[in-house]
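Asks: This structure is in structure tokens; I'll ask about it shortly.
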Amino acid sequence: MEYTVVCRNVAKVYHQDTVAVQALTDVSLEIPKKDFVCFSGPSGSGKTTLLNLIGGLDRPTGGEILVDGNRVDQMEKGALAELRLRRIGFVFQAYNLIPVLTAQENVEFVMQLQGVPAAERGAKAREILKEVGLDGLEDRRPGELSGGQQQRVAVARAIVSEPSLVLADEPTANLDSKTAENLMQLLRHMNKEHGVTFIFSTHDKLVMDFSRRLITLRDGRIVEDVRRN
Amino acid sequence: MPTLKTPLLLTLAWRNLWRHHGRTAAILFALALGVWSMVSLAALSRGSMEQQLVKAILNLTGHIQIHAPGYRDDPAIEHRLSPPGSALTAALSRPEVAAWATRVRVPAVVASERESAGVTLVGIEPARERGLSFIADAVTEGRYLEPADEAGILLGRKLAERLETGVGRRVVVMSQDVNNSVADRGFRVVGIFDAEPQAVEEGYVLVTRATAQRMLKLGDDISEIALMTANRDRLDGLLAALRVAAPNLDVQPWTVVEPLLVLTEKIVNVILIIWYVIVFTAMSFGLVNTLLMAVFERTREFGLFQALGMQPTHILGQVLAESFILLAVALALGNLGGWLTVLALKDGLDLSAFAQGFEMIGVSPIIYPALHAGDVAAANVLVTVLGLAASLYPAWRAARHVPVEAITRA
């Protein structure tokens, strides 16, 4: 079986002043390609930390992390940026759109970094925005969009360049239940149609219900790993 | 290998700058003001310096002077020279020579019936002196000398006042002739001239060369040959030709004859550089502060850029692009302001009300600014290069964040 993500004995210790906080302890897991996985657990359980480590946004203090066979725990800053650019899409709880760019420009941003020609990226961006239900709102800046619309722009940005992995941290936290359900259906659709691997970190039961695999963390350790049908 | 996404960086930089209109406008105003002051002060200084130079060269200096050896150290009658021979005359006829004339120039005393004063007696060729020195155009009372003026003399206004004499009155000039005897003769004042600095009005009396030669028993001998060219800064070829034509004479450019002028020009250059550095230092604090504020405010965004795959060098480039845009707009405004200032002052900036002693030191109280491409280029290059260098610190701060720390920062 091909794995998008492999973690072996991953540990992360934060230092707050003089106190060492063990955020993750001996976490090992394998996530196959095209999986739809959810990290759950109470606040402080380490799910967001694990997500950040897999995305190369932070470095573990121990263990190994492989994304598409690349050791992200050992990669240089520039190489990590390149890996994120080509292989990983992010969806953040706070949307994190670029405020000075329009919805379409936000979606085009990653493709622009990838060097995709203007005409091609423009067409792709319009198509994906239509797919996420934002047809006609391409020229609006984030401040002119609702929370749900902003999150859909963020999702469009994350998936438009068809990464092999999308990491979504509490993607429904700021959305009403209807918008959240629509969003999850969209992500599920992307997973099925485009073969993108999704990993979520969430408290939201709705997200858990959508996932095919539910990994529960507590105090920095995996306490349960359930595959659902 | 990542490539630099210049249009993307410029788009982001431009839009980010206008997220805070007031702040950007304030720093742009400060930067443009600094550039304007650099350009304007340089134009005023350069204009003033140019006026001093032109005046000093016209004040019986010329672009090149030829003397007998020893004359420049001791301008006495024994350091005289023969009129130019054929070789020297041929060299003086070169196309780059605009005008030349021979002069007698010796120390003398001039006396009226009331006062006397030590002066320099200058014997000139009235017709040839036109276009070579100030004197032909400086006579404001009476008339200029004529070739046939056997006993006519020109005095400066200050000297005339000191001697309590005027046009039509007689004065006596005394000097030493070639036999080391006192030579004296009476002259009638035919004209009064005005000149800057005042030392010229007080220091020179002018008669025809022929009269001076007869009075001092010089025969055909003279004290100096002075000449003007089309370009005072390109004298090397002509100097070499003159030195070949007159190997036993002392042929020197104005920079040697008037070393104080060269020194003054160097001092002006140093003052300009100091001014540039002071203004730039003040500007750079504002620039760096603005960029640092922008970087701190957008820490989260820089983390996001990294999370999305933007290389740290591109983040550095984005902050530098913001700095470059600020500098480019400020330079455009500042240069435009400087140019308009020079245009507005084309008829001169009259400082006589504030600086009555200017003329005593050879500086005109009316300054005509002169915009030199070199000064403008120096200000622009300095501001651009050092401005970008000063921006490196905020840019480096932006690029060095760990993405997760930046994104999770409140």
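Chain lettering (A, B, ...) mirrors the order of the structure tokens, residue numbering begins at 1 for each chain separately, and ligand numbering begins at 1 in order of display.
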Find the residues of segment 99-175 of chain A that sit at most 12 Å from segment 309-315 of chain B; for each, write down the nearest two atoms and how far apart they are in Å, to one decimal. Count only C-alpha atoms. Sort by chain, then by number going up, and give it as a tab-separated table.
Replies:
residue	atom	partner	partner_atom	distance
A:Phe109	CA	B:Met310	CA	9.7
A:Val110	CA	B:Gly309	CA	7.4
A:Met111	CA	B:Gly309	CA	10.3
A:Gln112	CA	B:Met310	CA	10.1
A:Leu113	CA	B:Met310	CA	6.8
A:Gln114	CA	B:Gly309	CA	8.8
A:Gly115	CA	B:Met310	CA	11.8
A:Ala158	CA	B:Gly309	CA	11.4
A:Pro163	CA	B:Gly309	CA	11.9
Asks: Let's have the selection written as a CSV table (one decimal), in the first residue's frame, with C-alpha atoms.
Replies:
chain,number,residue,atom,x,y,z
A,109,PHE,CA,-1.7,32.6,-5.5
A,110,VAL,CA,-0.3,29.1,-5.1
A,111,MET,CA,-0.4,28.5,-8.9
A,112,GLN,CA,1.4,31.8,-9.4
A,113,LEU,CA,4.1,30.6,-7.1
A,114,GLN,CA,4.2,27.4,-9.0
A,115,GLY,CA,4.7,29.3,-12.3
A,158,ALA,CA,-5.9,24.5,-1.0
A,163,PRO,CA,-1.9,18.5,-4.0
Asks: Write out as a list in words which residues come within 9 Å of segment 251-262 of chain B when counting only C-alpha atoms, dropping same-chain ones fewer than 4 positions away.
Replies: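 Counting only the stated atoms, we get Met49, Gln52, Leu53, Ala56, Ile57, Thr61, Gly62, His63, Ile64, Gln65, Ile66, His67, Ala68, Arg72, Arg232, Leu235, Asp236, Leu239, Leu242, Arg243, Ala246, Pro247, Lys266 and Ile267 of chain B.
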Asks: Take the residues from that selection and put them in a file with C-alpha atoms, as a short mmCIF file (atom, residue, chain, number, x, y, z; two decimals), in the first residue's frame.
Replies:
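The new file part.cif reads:
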data_model
loop_
_atom_site.label_atom_id
_atom_site.label_comp_id
_atom_site.auth_asym_id
_atom_site.auth_seq_id
_atom_site.Cartn_x
_atom_site.Cartn_y
_atom_site.Cartn_z
CA MET B 49 29.87 77.82 -6.64
CA GLN B 52 31.99 82.26 -7.85
CA LEU B 53 34.04 80.33 -10.37
CA ALA B 56 36.88 84.60 -10.37
CA ILE B 57 37.85 83.51 -13.88
CA THR B 61 42.27 85.27 -14.32
CA GLY B 62 41.12 83.54 -17.50
CA HIS B 63 41.35 79.81 -18.09
CA ILE B 64 45.11 79.79 -18.65
CA GLN B 65 47.82 82.29 -17.76
CA ILE B 66 51.36 82.47 -19.11
CA HIS B 67 54.06 84.20 -17.08
CA ALA B 68 57.80 84.42 -16.77
CA ARG B 72 53.44 83.92 -9.59
CA ARG B 232 37.47 75.38 -18.68
CA LEU B 235 42.52 72.25 -20.93
CA ASP B 236 45.05 69.43 -21.01
CA LEU B 239 48.23 73.35 -22.00
CA LEU B 242 51.35 75.98 -25.11
CA ARG B 243 54.12 74.42 -23.02
CA ALA B 246 56.83 78.29 -24.84
CA PRO B 247 59.08 75.84 -23.00
CA LYS B 266 35.99 70.51 -2.93
CA ILE B 267 34.56 71.89 0.33
#
Asks: If you count only C-alpha atoms, which residues fall within 12 Å of Thr341 of chain B, apart from same-chain ones fewer than 2 positions away, as a PyMOL selection string?
Replies: chain B and resi 36-44+334-339+343-349+368-371
Asks: For chain B, work out the contacting residues on chain A at 8 Å, counting only C-alpha atoms, and write them as JSON, numbers by chain.
Replies: {"A": [52, 57, 58, 77, 78, 80, 81, 82, 83, 84, 85, 86, 89, 90, 96, 98, 100, 101, 110, 112, 113]}
Asks: Can you work out which one of B:Ser112, B:Leu163, B:Trp100, B:Gly286 has the shortest atom-to-atom distance to Thr229 of chain B, counting only C-alpha atoms?
Replies: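 Among the listed residues, B:Trp100 lies closest to Thr229 of chain B.
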Asks: For the structure I just gave you, how does DSSP split segment 226-371 of chain B - specifically, which residues are alpha helix (DSSP H)? Reply as number ranges by chain.
Replies: B: 236-245, 254-257, 259-297, 299-307, 312-344
Asks: Identify which of the residues A:Val226, A:Val21, A:Val132, A:Ala156 lies closest to Gln185 of chain A, counting only C-alpha atoms when measuring atom-to-atom distances.
Replies: A:Val132
